[in-house]
>>> print(open('target-v7.cif').read())   # mmCIF, C-alpha atoms and all ligand atoms; chains and numbers go by the auth columns
data_target
loop_
_atom_site.group_PDB
_atom_site.id
_atom_site.type_symbol
_atom_site.label_atom_id
_atom_site.label_comp_id
_atom_site.label_asym_id
_atom_site.label_seq_id
_atom_site.Cartn_x
_atom_site.Cartn_y
_atom_site.Cartn_z
_atom_site.B_iso_or_equiv
_atom_site.auth_seq_id
_atom_site.auth_asym_id
ATOM 1 C CA MET A 1 -67.287 -180.037 189.876 0.00 1 A
ATOM 2 C CA SER A 2 -65.026 -182.996 189.364 0.00 2 A
ATOM 3 C CA ARG A 3 -63.895 -184.818 192.453 0.00 3 A
ATOM 4 C CA ARG A 4 -60.818 -186.999 192.248 0.00 4 A
ATOM 5 C CA PRO A 5 -61.757 -190.622 192.915 0.00 5 A
ATOM 6 C CA LEU A 6 -60.159 -192.323 195.898 0.00 6 A
ATOM 7 C CA ILE A 7 -59.929 -196.014 196.650 0.00 7 A
ATOM 8 C CA ALA A 8 -58.826 -197.010 200.129 0.00 8 A
ATOM 9 C CA GLY A 9 -57.987 -200.531 201.286 0.00 9 A
ATOM 10 C CA ASN A 10 -58.789 -201.277 204.916 0.00 10 A
ATOM 11 C CA TRP A 11 -56.688 -204.294 205.801 0.00 11 A
ATOM 12 C CA LYS A 12 -58.242 -204.559 209.283 0.00 12 A
ATOM 13 C CA LEU A 13 -56.585 -207.141 211.565 0.00 13 A
ATOM 14 C CA HIS A 14 -54.675 -209.013 208.875 0.00 14 A
ATOM 15 C CA ASN A 15 -51.084 -209.552 207.802 0.00 15 A
ATOM 16 C CA THR A 16 -47.698 -209.714 209.489 0.00 16 A
ATOM 17 C CA VAL A 17 -45.062 -207.150 208.550 0.00 17 A
ATOM 18 C CA ALA A 18 -43.680 -209.492 205.876 0.00 18 A
ATOM 19 C CA GLN A 19 -47.151 -210.179 204.459 0.00 19 A
ATOM 20 C CA SER A 20 -47.998 -206.477 204.502 0.00 20 A
ATOM 21 C CA LEU A 21 -44.807 -205.622 202.637 0.00 21 A
ATOM 22 C CA ASP A 22 -45.535 -208.295 200.099 0.00 22 A
ATOM 23 C CA LEU A 23 -49.109 -207.100 199.485 0.00 23 A
ATOM 24 C CA ALA A 24 -48.064 -203.436 199.340 0.00 24 A
ATOM 25 C CA ARG A 25 -45.360 -204.308 196.809 0.00 25 A
ATOM 26 C CA GLN A 26 -47.820 -206.225 194.629 0.00 26 A
ATOM 27 C CA ILE A 27 -50.269 -203.327 194.658 0.00 27 A
ATOM 28 C CA GLU A 28 -47.566 -200.788 193.990 0.00 28 A
ATOM 29 C CA GLN A 29 -46.176 -202.763 191.065 0.00 29 A
ATOM 30 C CA GLY A 30 -49.607 -203.324 189.576 0.00 30 A
ATOM 31 C CA LEU A 31 -50.706 -199.694 189.777 0.00 31 A
ATOM 32 C CA ASP A 32 -50.973 -197.721 186.609 0.00 32 A
ATOM 33 C CA HIS A 33 -48.919 -194.717 187.627 0.00 33 A
ATOM 34 C CA ALA A 34 -50.894 -192.486 185.303 0.00 34 A
ATOM 35 C CA THR A 35 -54.124 -193.270 187.137 0.00 35 A
ATOM 36 C CA ALA A 36 -56.262 -190.305 188.101 0.00 36 A
ATOM 37 C CA CYS A 37 -57.329 -192.212 191.200 0.00 37 A
ATOM 38 C CA GLU A 38 -55.899 -191.627 194.664 0.00 38 A
ATOM 39 C CA VAL A 39 -54.986 -194.954 196.212 0.00 39 A
ATOM 40 C CA VAL A 40 -54.618 -195.524 199.944 0.00 40 A
ATOM 41 C CA ILE A 41 -53.873 -198.625 202.010 0.00 41 A
ATOM 42 C CA ALA A 42 -54.399 -199.057 205.745 0.00 42 A
ATOM 43 C CA PRO A 43 -52.241 -201.850 207.183 0.00 43 A
ATOM 44 C CA VAL A 44 -52.157 -202.768 210.908 0.00 44 A
ATOM 45 C CA PHE A 45 -50.230 -200.362 213.149 0.00 45 A
ATOM 46 C CA THR A 46 -47.259 -202.729 213.510 0.00 46 A
ATOM 47 C CA ALA A 47 -46.696 -202.790 209.738 0.00 47 A
ATOM 48 C CA LEU A 48 -47.082 -199.060 209.044 0.00 48 A
ATOM 49 C CA HIS A 49 -43.435 -198.163 209.529 0.00 49 A
ATOM 50 C CA ALA A 50 -42.142 -200.897 207.237 0.00 50 A
ATOM 51 C CA VAL A 51 -44.749 -200.234 204.549 0.00 51 A
ATOM 52 C CA GLY A 52 -44.141 -196.472 204.881 0.00 52 A
ATOM 53 C CA GLY A 53 -40.449 -197.103 204.165 0.00 53 A
ATOM 54 C CA LEU A 54 -41.303 -199.139 201.106 0.00 54 A
ATOM 55 C CA LEU A 55 -43.558 -196.399 199.717 0.00 55 A
ATOM 56 C CA SER A 56 -41.493 -193.330 200.435 0.00 56 A
ATOM 57 C CA ALA A 57 -39.719 -193.140 197.071 0.00 57 A
ATOM 58 C CA GLY A 58 -42.339 -191.139 195.157 0.00 58 A
ATOM 59 C CA SER A 59 -44.950 -193.875 195.269 0.00 59 A
ATOM 60 C CA LYS A 60 -48.519 -193.385 194.063 0.00 60 A
ATOM 61 C CA LEU A 61 -49.715 -195.382 197.027 0.00 61 A
ATOM 62 C CA GLN A 62 -50.584 -193.512 200.192 0.00 62 A
ATOM 63 C CA LEU A 63 -50.686 -194.824 203.726 0.00 63 A
ATOM 64 C CA ALA A 64 -53.451 -194.656 206.330 0.00 64 A
ATOM 65 C CA GLY A 65 -53.864 -195.617 209.956 0.00 65 A
ATOM 66 C CA GLN A 66 -56.997 -197.600 210.840 0.00 66 A
ATOM 67 C CA ASP A 67 -57.639 -195.500 213.939 0.00 67 A
ATOM 68 C CA VAL A 68 -56.080 -192.649 215.918 0.00 68 A
ATOM 69 C CA TYR A 69 -56.218 -191.259 219.443 0.00 69 A
ATOM 70 C CA TRP A 70 -56.858 -187.542 219.948 0.00 70 A
ATOM 71 C CA GLN A 71 -54.181 -186.867 222.567 0.00 71 A
ATOM 72 C CA GLU A 72 -50.699 -186.316 221.256 0.00 72 A
ATOM 73 C CA ARG A 73 -48.815 -188.050 224.075 0.00 73 A
ATOM 74 C CA GLY A 74 -49.132 -189.107 227.696 0.00 74 A
ATOM 75 C CA ALA A 75 -50.462 -191.869 229.893 0.00 75 A
ATOM 76 C CA PHE A 76 -52.803 -193.477 227.344 0.00 76 A
ATOM 77 C CA THR A 77 -51.699 -197.095 227.232 0.00 77 A
ATOM 78 C CA GLY A 78 -52.243 -198.751 223.886 0.00 78 A
ATOM 79 C CA GLU A 79 -53.099 -195.640 221.912 0.00 79 A
ATOM 80 C CA VAL A 80 -51.419 -194.126 218.838 0.00 80 A
ATOM 81 C CA SER A 81 -51.557 -190.400 218.067 0.00 81 A
ATOM 82 C CA ALA A 82 -51.895 -188.508 214.805 0.00 82 A
ATOM 83 C CA VAL A 83 -48.348 -187.167 215.101 0.00 83 A
ATOM 84 C CA LEU A 84 -47.033 -190.749 215.339 0.00 84 A
ATOM 85 C CA LEU A 85 -49.043 -191.775 212.291 0.00 85 A
ATOM 86 C CA ARG A 86 -47.475 -188.883 210.372 0.00 86 A
ATOM 87 C CA ASP A 87 -44.085 -189.950 211.688 0.00 87 A
ATOM 88 C CA VAL A 88 -44.324 -193.321 209.912 0.00 88 A
ATOM 89 C CA GLY A 89 -45.568 -191.799 206.662 0.00 89 A
ATOM 90 C CA CYS A 90 -49.348 -191.801 206.967 0.00 90 A
ATOM 91 C CA THR A 91 -51.300 -189.195 205.033 0.00 91 A
ATOM 92 C CA HIS A 92 -54.778 -190.516 205.913 0.00 92 A
ATOM 93 C CA VAL A 93 -56.561 -192.154 208.807 0.00 93 A
ATOM 94 C CA ILE A 94 -59.837 -194.078 209.072 0.00 94 A
ATOM 95 C CA VAL A 95 -62.016 -192.698 211.857 0.00 95 A
ATOM 96 C CA GLY A 96 -65.175 -194.147 213.388 0.00 96 A
ATOM 97 C CA HIS A 97 -65.276 -197.383 211.431 0.00 97 A
ATOM 98 C CA SER A 98 -68.427 -199.294 212.389 0.00 98 A
ATOM 99 C CA GLU A 99 -66.302 -202.074 213.886 0.00 99 A
ATOM 100 C CA ARG A 100 -64.823 -199.490 216.260 0.00 100 A
ATOM 101 C CA ARG A 101 -68.265 -198.096 217.033 0.00 101 A
ATOM 102 C CA GLN A 102 -69.617 -201.631 217.577 0.00 102 A
ATOM 103 C CA PHE A 103 -66.790 -203.410 219.417 0.00 103 A
ATOM 104 C CA PHE A 104 -64.828 -200.552 221.008 0.00 104 A
ATOM 105 C CA ALA A 105 -67.581 -198.188 222.156 0.00 105 A
ATOM 106 C CA GLU A 106 -66.627 -195.443 219.709 0.00 106 A
ATOM 107 C CA SER A 107 -69.216 -192.647 219.926 0.00 107 A
ATOM 108 C CA ASP A 108 -70.034 -189.621 217.789 0.00 108 A
ATOM 109 C CA ALA A 109 -68.141 -187.563 220.389 0.00 109 A
ATOM 110 C CA THR A 110 -64.934 -189.618 220.161 0.00 110 A
ATOM 111 C CA VAL A 111 -65.189 -189.747 216.369 0.00 111 A
ATOM 112 C CA LEU A 112 -65.258 -185.940 216.384 0.00 112 A
ATOM 113 C CA GLN A 113 -62.226 -185.692 218.672 0.00 113 A
ATOM 114 C CA LYS A 114 -60.285 -188.093 216.474 0.00 114 A
ATOM 115 C CA THR A 115 -61.287 -186.205 213.335 0.00 115 A
ATOM 116 C CA ARG A 116 -60.086 -182.928 214.829 0.00 116 A
ATOM 117 C CA ALA A 117 -56.799 -184.447 215.963 0.00 117 A
ATOM 118 C CA ALA A 118 -56.216 -185.811 212.467 0.00 118 A
ATOM 119 C CA LEU A 119 -57.021 -182.511 210.746 0.00 119 A
ATOM 120 C CA ALA A 120 -54.626 -180.679 213.077 0.00 120 A
ATOM 121 C CA GLN A 121 -51.610 -182.707 211.942 0.00 121 A
ATOM 122 C CA PRO A 122 -52.700 -182.686 209.107 0.00 122 A
ATOM 123 C CA LEU A 123 -53.881 -186.152 208.251 0.00 123 A
ATOM 124 C CA THR A 124 -56.893 -186.677 205.984 0.00 124 A
ATOM 125 C CA PRO A 125 -59.638 -188.308 208.036 0.00 125 A
ATOM 126 C CA ILE A 126 -61.910 -190.856 206.368 0.00 126 A
ATOM 127 C CA VAL A 127 -64.948 -190.625 208.643 0.00 127 A
ATOM 128 C CA CYS A 128 -67.177 -193.696 208.495 0.00 128 A
ATOM 129 C CA VAL A 129 -70.932 -193.600 208.955 0.00 129 A
ATOM 130 C CA GLY A 130 -73.605 -196.220 208.411 0.00 130 A
ATOM 131 C CA GLU A 131 -76.777 -197.838 209.669 0.00 131 A
ATOM 132 C CA THR A 132 -77.368 -201.328 211.010 0.00 132 A
ATOM 133 C CA LEU A 133 -79.864 -203.728 209.441 0.00 133 A
ATOM 134 C CA GLU A 134 -82.383 -203.086 212.232 0.00 134 A
ATOM 135 C CA GLN A 135 -82.118 -199.346 211.666 0.00 135 A
ATOM 136 C CA ARG A 136 -82.596 -199.777 207.924 0.00 136 A
ATOM 137 C CA ARG A 137 -85.619 -202.038 208.444 0.00 137 A
ATOM 138 C CA ALA A 138 -87.078 -199.461 210.814 0.00 138 A
ATOM 139 C CA GLY A 139 -86.750 -196.803 208.098 0.00 139 A
ATOM 140 C CA LYS A 140 -84.126 -194.898 210.067 0.00 140 A
ATOM 141 C CA THR A 141 -81.250 -195.055 207.576 0.00 141 A
ATOM 142 C CA LEU A 142 -81.066 -191.372 206.730 0.00 142 A
ATOM 143 C CA ASP A 143 -81.614 -190.268 210.345 0.00 143 A
ATOM 144 C CA VAL A 144 -78.756 -192.440 211.538 0.00 144 A
ATOM 145 C CA VAL A 145 -76.330 -191.675 208.727 0.00 145 A
ATOM 146 C CA LEU A 146 -76.976 -187.934 208.661 0.00 146 A
ATOM 147 C CA GLY A 147 -76.864 -187.844 212.458 0.00 147 A
ATOM 148 C CA GLN A 148 -73.412 -189.461 212.544 0.00 148 A
ATOM 149 C CA ALA A 149 -72.103 -187.259 209.743 0.00 149 A
ATOM 150 C CA ARG A 150 -73.528 -184.004 211.138 0.00 150 A
ATOM 151 C CA ALA A 151 -72.021 -184.797 214.546 0.00 151 A
ATOM 152 C CA VAL A 152 -68.698 -184.275 212.773 0.00 152 A
ATOM 153 C CA TRP A 153 -69.301 -181.695 210.072 0.00 153 A
ATOM 154 C CA ARG A 154 -71.322 -179.303 212.225 0.00 154 A
ATOM 155 C CA GLN A 155 -68.332 -179.045 214.561 0.00 155 A
ATOM 156 C CA VAL A 156 -65.719 -178.528 211.852 0.00 156 A
ATOM 157 C CA GLU A 157 -65.004 -175.206 210.151 0.00 157 A
ATOM 158 C CA THR A 158 -66.294 -174.908 206.592 0.00 158 A
ATOM 159 C CA ALA A 159 -62.764 -174.252 205.322 0.00 159 A
ATOM 160 C CA ALA A 160 -61.532 -177.592 206.722 0.00 160 A
ATOM 161 C CA LEU A 161 -64.315 -179.690 205.222 0.00 161 A
ATOM 162 C CA PRO A 162 -62.817 -180.314 201.772 0.00 162 A
ATOM 163 C CA LYS A 163 -59.874 -181.969 203.613 0.00 163 A
ATOM 164 C CA LEU A 164 -62.223 -184.539 205.031 0.00 164 A
ATOM 165 C CA LEU A 165 -63.713 -187.640 203.441 0.00 165 A
ATOM 166 C CA PHE A 166 -66.838 -189.440 204.530 0.00 166 A
ATOM 167 C CA ALA A 167 -67.393 -193.129 203.877 0.00 167 A
ATOM 168 C CA TYR A 168 -70.953 -194.404 203.862 0.00 168 A
ATOM 169 C CA GLU A 169 -70.713 -198.009 204.983 0.00 169 A
ATOM 170 C CA PRO A 170 -73.992 -199.764 205.775 0.00 170 A
ATOM 171 C CA VAL A 171 -73.109 -202.112 208.637 0.00 171 A
ATOM 172 C CA TRP A 172 -75.126 -204.948 207.089 0.00 172 A
ATOM 173 C CA ALA A 173 -73.035 -204.734 203.909 0.00 173 A
ATOM 174 C CA ILE A 174 -69.629 -204.983 205.582 0.00 174 A
ATOM 175 C CA GLY A 175 -67.953 -208.346 205.152 0.00 175 A
ATOM 176 C CA THR A 176 -71.234 -210.002 204.156 0.00 176 A
ATOM 177 C CA GLY A 177 -70.860 -210.081 200.374 0.00 177 A
ATOM 178 C CA LEU A 178 -74.156 -208.192 200.286 0.00 178 A
ATOM 179 C CA ALA A 179 -73.288 -204.733 198.944 0.00 179 A
ATOM 180 C CA ALA A 180 -75.905 -201.998 198.810 0.00 180 A
ATOM 181 C CA THR A 181 -77.401 -201.671 195.338 0.00 181 A
ATOM 182 C CA PRO A 182 -75.964 -198.719 193.428 0.00 182 A
ATOM 183 C CA ALA A 183 -79.370 -196.991 193.681 0.00 183 A
ATOM 184 C CA ASP A 184 -79.633 -197.495 197.458 0.00 184 A
ATOM 185 C CA ALA A 185 -76.068 -196.305 197.989 0.00 185 A
ATOM 186 C CA GLU A 186 -76.596 -193.291 195.738 0.00 186 A
ATOM 187 C CA GLU A 187 -79.758 -192.328 197.626 0.00 187 A
ATOM 188 C CA VAL A 188 -77.774 -192.045 200.869 0.00 188 A
ATOM 189 C CA HIS A 189 -74.825 -190.306 199.188 0.00 189 A
ATOM 190 C CA ALA A 190 -77.130 -187.753 197.579 0.00 190 A
ATOM 191 C CA ALA A 191 -78.821 -187.133 200.933 0.00 191 A
ATOM 192 C CA LEU A 192 -75.415 -186.636 202.558 0.00 192 A
ATOM 193 C CA ARG A 193 -74.380 -184.137 199.910 0.00 193 A
ATOM 194 C CA SER A 194 -77.567 -182.100 200.094 0.00 194 A
ATOM 195 C CA ALA A 195 -77.459 -182.036 203.907 0.00 195 A
ATOM 196 C CA LEU A 196 -73.854 -180.893 203.663 0.00 196 A
ATOM 197 C CA ALA A 197 -74.898 -178.147 201.240 0.00 197 A
ATOM 198 C CA ALA A 198 -77.627 -177.032 203.655 0.00 198 A
ATOM 199 C CA ASP A 199 -75.076 -176.740 206.471 0.00 199 A
ATOM 200 C CA HIS A 200 -71.976 -175.499 204.653 0.00 200 A
ATOM 201 C CA GLY A 201 -73.078 -174.305 201.211 0.00 201 A
ATOM 202 C CA HIS A 202 -73.059 -175.810 197.745 0.00 202 A
ATOM 203 C CA THR A 203 -69.434 -175.070 196.905 0.00 203 A
ATOM 204 C CA VAL A 204 -68.054 -177.023 199.845 0.00 204 A
ATOM 205 C CA ALA A 205 -70.629 -179.783 199.420 0.00 205 A
ATOM 206 C CA SER A 206 -69.534 -180.228 195.826 0.00 206 A
ATOM 207 C CA GLN A 207 -65.890 -180.611 196.919 0.00 207 A
ATOM 208 C CA VAL A 208 -66.183 -183.147 199.736 0.00 208 A
ATOM 209 C CA ARG A 209 -65.582 -186.691 198.579 0.00 209 A
ATOM 210 C CA LEU A 210 -68.016 -189.378 199.670 0.00 210 A
ATOM 211 C CA LEU A 211 -66.861 -192.992 199.545 0.00 211 A
ATOM 212 C CA TYR A 212 -69.014 -196.096 199.608 0.00 212 A
ATOM 213 C CA GLY A 213 -67.921 -199.155 201.598 0.00 213 A
ATOM 214 C CA GLY A 214 -69.409 -202.595 202.225 0.00 214 A
ATOM 215 C CA SER A 215 -68.616 -205.634 200.079 0.00 215 A
ATOM 216 C CA VAL A 216 -67.099 -203.657 197.200 0.00 216 A
ATOM 217 C CA LYS A 217 -65.651 -206.227 194.784 0.00 217 A
ATOM 218 C CA PRO A 218 -64.237 -206.105 191.251 0.00 218 A
ATOM 219 C CA ASP A 219 -67.608 -207.145 189.814 0.00 219 A
ATOM 220 C CA ASN A 220 -69.748 -204.472 191.506 0.00 220 A
ATOM 221 C CA ALA A 221 -67.246 -201.607 191.754 0.00 221 A
ATOM 222 C CA ALA A 222 -67.936 -200.025 188.367 0.00 222 A
ATOM 223 C CA SER A 223 -71.699 -199.762 188.877 0.00 223 A
ATOM 224 C CA LEU A 224 -71.322 -198.308 192.380 0.00 224 A
ATOM 225 C CA LEU A 225 -68.619 -195.866 191.312 0.00 225 A
ATOM 226 C CA ALA A 226 -70.656 -194.718 188.318 0.00 226 A
ATOM 227 C CA GLN A 227 -73.179 -193.064 190.664 0.00 227 A
ATOM 228 C CA THR A 228 -73.111 -189.271 190.652 0.00 228 A
ATOM 229 C CA ASN A 229 -72.380 -188.847 194.339 0.00 229 A
ATOM 230 C CA ILE A 230 -70.095 -191.839 194.916 0.00 230 A
ATOM 231 C CA ASP A 231 -66.508 -190.622 194.657 0.00 231 A
ATOM 232 C CA GLY A 232 -64.632 -193.749 195.614 0.00 232 A
ATOM 233 C CA ALA A 233 -64.646 -196.789 197.850 0.00 233 A
ATOM 234 C CA LEU A 234 -63.443 -198.054 201.184 0.00 234 A
ATOM 235 C CA VAL A 235 -62.628 -201.699 200.553 0.00 235 A
ATOM 236 C CA GLY A 236 -62.121 -204.394 203.191 0.00 236 A
ATOM 237 C CA GLY A 237 -61.938 -208.033 202.094 0.00 237 A
ATOM 238 C CA ALA A 238 -61.130 -207.357 198.441 0.00 238 A
ATOM 239 C CA SER A 239 -58.230 -205.084 199.435 0.00 239 A
ATOM 240 C CA LEU A 240 -56.341 -208.120 200.768 0.00 240 A
ATOM 241 C CA VAL A 241 -55.983 -209.558 197.257 0.00 241 A
ATOM 242 C CA ALA A 242 -53.794 -207.339 195.082 0.00 242 A
ATOM 243 C CA ALA A 243 -55.481 -208.273 191.794 0.00 243 A
ATOM 244 C CA ASP A 244 -58.957 -207.543 193.189 0.00 244 A
ATOM 245 C CA PHE A 245 -57.927 -204.257 194.743 0.00 245 A
ATOM 246 C CA LEU A 246 -56.209 -203.152 191.530 0.00 246 A
ATOM 247 C CA ALA A 247 -59.307 -204.041 189.511 0.00 247 A
ATOM 248 C CA ILE A 248 -61.376 -201.783 191.805 0.00 248 A
ATOM 249 C CA VAL A 249 -58.849 -198.958 191.317 0.00 249 A
ATOM 250 C CA ARG A 250 -59.173 -199.381 187.552 0.00 250 A
ATOM 251 C CA ALA A 251 -62.963 -199.275 187.832 0.00 251 A
ATOM 252 C CA ALA A 252 -62.686 -195.942 189.655 0.00 252 A
ATOM 253 C CA ALA A 253 -60.571 -194.307 186.964 0.00 253 A
ATOM 254 C CA PRO A 254 -60.641 -196.202 183.700 0.00 254 A
ATOM 255 C CA THR A 255 -57.666 -195.230 181.531 0.00 255 A
HETATM 256 P P1 LIG B . -65.696 -205.203 203.220 0.00 1 B
HETATM 257 O O1 LIG B . -65.279 -204.132 204.368 0.00 1 B
HETATM 258 O O2 LIG B . -65.253 -204.631 201.906 0.00 1 B
HETATM 259 O O3 LIG B . -64.963 -206.456 203.588 0.00 1 B
HETATM 260 O O4 LIG B . -67.180 -205.349 203.298 0.00 1 B
HETATM 261 C C1 LIG B . -65.442 -202.765 204.147 0.00 1 B
HETATM 262 C C2 LIG B . -65.009 -202.001 205.374 0.00 1 B
HETATM 263 O O5 LIG B . -65.238 -202.472 206.492 0.00 1 B
HETATM 264 O O6 LIG B . -64.424 -200.908 205.266 0.00 1 B
#
>>> encode(input="target-v7.cif", output="C-alpha cells", more="lines below")
Ligand code: PGA
Amino acid sequence: MSRRPLIAGNWKLHNTVAQSLDLARQIEQGLDHATACEVVIAPVFTALHAVGGLLSAGSKLQLAGQDVYWQERGAFTGEVSAVLLRDVGCTHVIVGHSERRQFFAESDATVLQKTRAALAQPLTPIVCVGETLEQRRAGKTLDVVLGQARAVWRQVETAALPKLLFAYEPVWAIGTGLAATPADAEEVHAALRSALAADHGHTVASQVRLLYGGSVKPDNAASLLAQTNIDGALVGGASLVAADFLAIVRAAAPT
C-alpha cells in the first residue's frame, strides 16, 4: 500500500500578512511541480485569506488552519469555524496541537469535536498526539499516544478514517532541536498503525497517513521519512525558512 507523502508547515504565531505572502511565494516558486508529495502550509488566521488568494490559481501548495472551532456560527467570541476556513481556501486544519493542549486547555473531547467539525465540511484534519518528557521517562509513551489517538478514531466511522491524518509529535521534541531518533519515532508510528488495524481493520490502517513532527530539519528529514510507517512531517521552525522547508519536501519525495 503506497501512501502519498505529505509535508505540512505549521507557521504558528509568526508573520504578518506581507511576510506570509512573501514566504508562501518563495515556497510556491521553489516547489517542483512534479513532486509526488502533498505540501501544506498553515499561516496565522489573519493571513489565510491573502495567502489563499495567492494560491488559488492551480497551485501545488495547499492551505491549512492551525485550529478550528466546532460550532459553525454564533456567540463564540474569538473562534473560527470550519466553514470559514473553507471560505478562505483551506483544505486542511491542524487539530489538537500540543501547544493547544498545553496552553489552551484542549482536551481529547474538544479535539474530537474539532475533528468531526472539520470532516463535515470537509476539511482534512491533521490530529496531533504526543507524550511529554515526564510521560516518556515514566514509560507511558504508548499509553498516552494511543489514548489520544483512540479518543478520536474510536469515535469516527471507519469510512471517514482515510480522510484523516495523525501527527505523532513528542512534546519534548517540539522546538527543542532534539528530534526523536528515526527508530524511536518508527516504534510509535508502528504501534499507532497496528492499534488502528485492531480497531478498524488492516485495509484502513494501511491507508491512514501518519506524520512525524518535532524538530524536523533538512538534515534529519530523510532518515525519519525513510521509516516504513512515517508518511510525512509536520514542520514548525524549519517551515519558516523557504529553503529548509523545500529541502524537507524534496526529502519526502526525491525526484
Ligand atoms: P518544530 O515544531 O518543527 O519547530 O519542532 C513542530 C510542530 O510543533 O508542529
>>> axis_aligned_box(input="target-v7.cif", around="stretch 9-16 of chain A", padding_each_side="5 Å", output="lines of an AutoDock Vina configuration file")
center_x = -53.2
center_y = -205.1
center_z = 206.4
size_x = 21.1
size_y = 19.2
size_z = 20.3
>>> residues_near_ligand(input="target-v7.cif", ligand="ligand LIG 1 (chain B)", cutoff="6 Å", atoms="all atoms listed in the file", output="number ranges by chain")
A: 10, 173-175, 213-216, 234-237
>>> residues_around(input="target-v7.cif", residues="stretch 160-172 of chain A", least_positions_apart="3", cutoff="7 Å", atoms="all atoms listed in the file", output="ChimeraX atom specification")
/A:98,124-133,156-157,204,207-214,234
>>> closest_atom_pairs(input="target-v7.cif", of="stretch 41-64 of chain A", to="stretch 17-20 of chain A", cutoff="8 Å", atoms="all atoms listed in the file", output="JSON lines")
{"residue": "A:Pro43", "atom": "CA", "partner": "A:Ser20", "partner_atom": "CA", "distance": 6.8}
{"residue": "A:Thr46", "atom": "CA", "partner": "A:Val17", "partner_atom": "CA", "distance": 7.0}
{"residue": "A:Ala47", "atom": "CA", "partner": "A:Val17", "partner_atom": "CA", "distance": 4.8}
{"residue": "A:Ala50", "atom": "CA", "partner": "A:Val17", "partner_atom": "CA", "distance": 7.0}
{"residue": "A:Val51", "atom": "CA", "partner": "A:Ser20", "partner_atom": "CA", "distance": 7.0}
>>> write_last_selection(input="target-v7.cif", atoms="C-alpha atoms", output="PDB file, keeping the file's coordinate frame")
ATOM      1  CA  PRO A  43     -52.241-201.850 207.183  1.00  0.00           C
ATOM      2  CA  THR A  46     -47.259-202.729 213.510  1.00  0.00           C
ATOM      3  CA  ALA A  47     -46.696-202.790 209.738  1.00  0.00           C
ATOM      4  CA  ALA A  50     -42.142-200.897 207.237  1.00  0.00           C
ATOM      5  CA  VAL A  51     -44.749-200.234 204.549  1.00  0.00           C
TER       6      VAL A  51
END
>>> atom_distance(input="target-v7.cif", atom1="atom CA of A:Thr77", atom2="atom CA of A:Ala118")
19.1 Å
>>> closest_residue(input="target-v7.cif", among="A:Thr228, A:Thr16, A:Thr203, A:Thr158", to="A:Ala191", atoms="all atoms listed in the file")
A:Thr228
>>> atom_distance(input="target-v7.cif", atom1="atom CA of A:Val68", atom2="atom CA of A:Thr115")
8.7 Å
>>> closest_residue(input="target-v7.cif", among="A:Gln148, A:Ala82, A:Arg73, A:Lys140", to="A:His97", atoms="all atoms listed in the file")
A:Gln148
>>> atom_distance(input="target-v7.cif", atom1="atom CA of A:Val152", atom2="atom CA of A:Gly139")
22.5 Å
>>> residues_near_point(input="target-v7.cif", point="(-60.8, -200.5, 215.2)", cutoff="9 Å", atoms="all atoms listed in the file", output="list in words")
Lys12, Leu13, Gln66, Asp67, Ile94, Val95, Gly96, His97, Ser98, Glu99, Arg100, Arg101, Phe103, Phe104 and Glu106 of chain A
>>> residues_around(input="target-v7.cif", residues="A:Gln155", least_positions_apart="6", cutoff="10 Å", atoms="only C-alpha atoms", output="list of chain:residue names")
A:Leu112, A:Gln113, A:Arg116
>>> residues_around(input="target-v7.cif", residues="A:Leu6", least_positions_apart="2", cutoff="9 Å", atoms="only C-alpha atoms", output="PyMOL selection string")
chain A and resi 4+8+36-40+209+211+231-234+249+252
>>> residues_around(input="target-v7.cif", residues="A:Cys90", least_positions_apart="5", cutoff="8 Å", atoms="only C-alpha atoms", output="JSON, numbers by chain")
{"A": [48, 52, 62, 63, 64, 65, 85, 123]}
>>> residues_around(input="target-v7.cif", residues="A:Tyr69", least_positions_apart="3", cutoff="8 Å", atoms="only C-alpha atoms", output="ChimeraX atom specification")
/A:72,79-82,114,117
>>> closest_residue(input="target-v7.cif", among="A:Leu21, A:Leu192, A:Ala34, A:Thr110", to="A:Val144", atoms="only C-alpha atoms")
A:Leu192
>>> closest_residue(input="target-v7.cif", among="A:His33, A:His202, A:His14, A:Arg154", to="A:Leu246", atoms="all atoms listed in the file")
A:His33
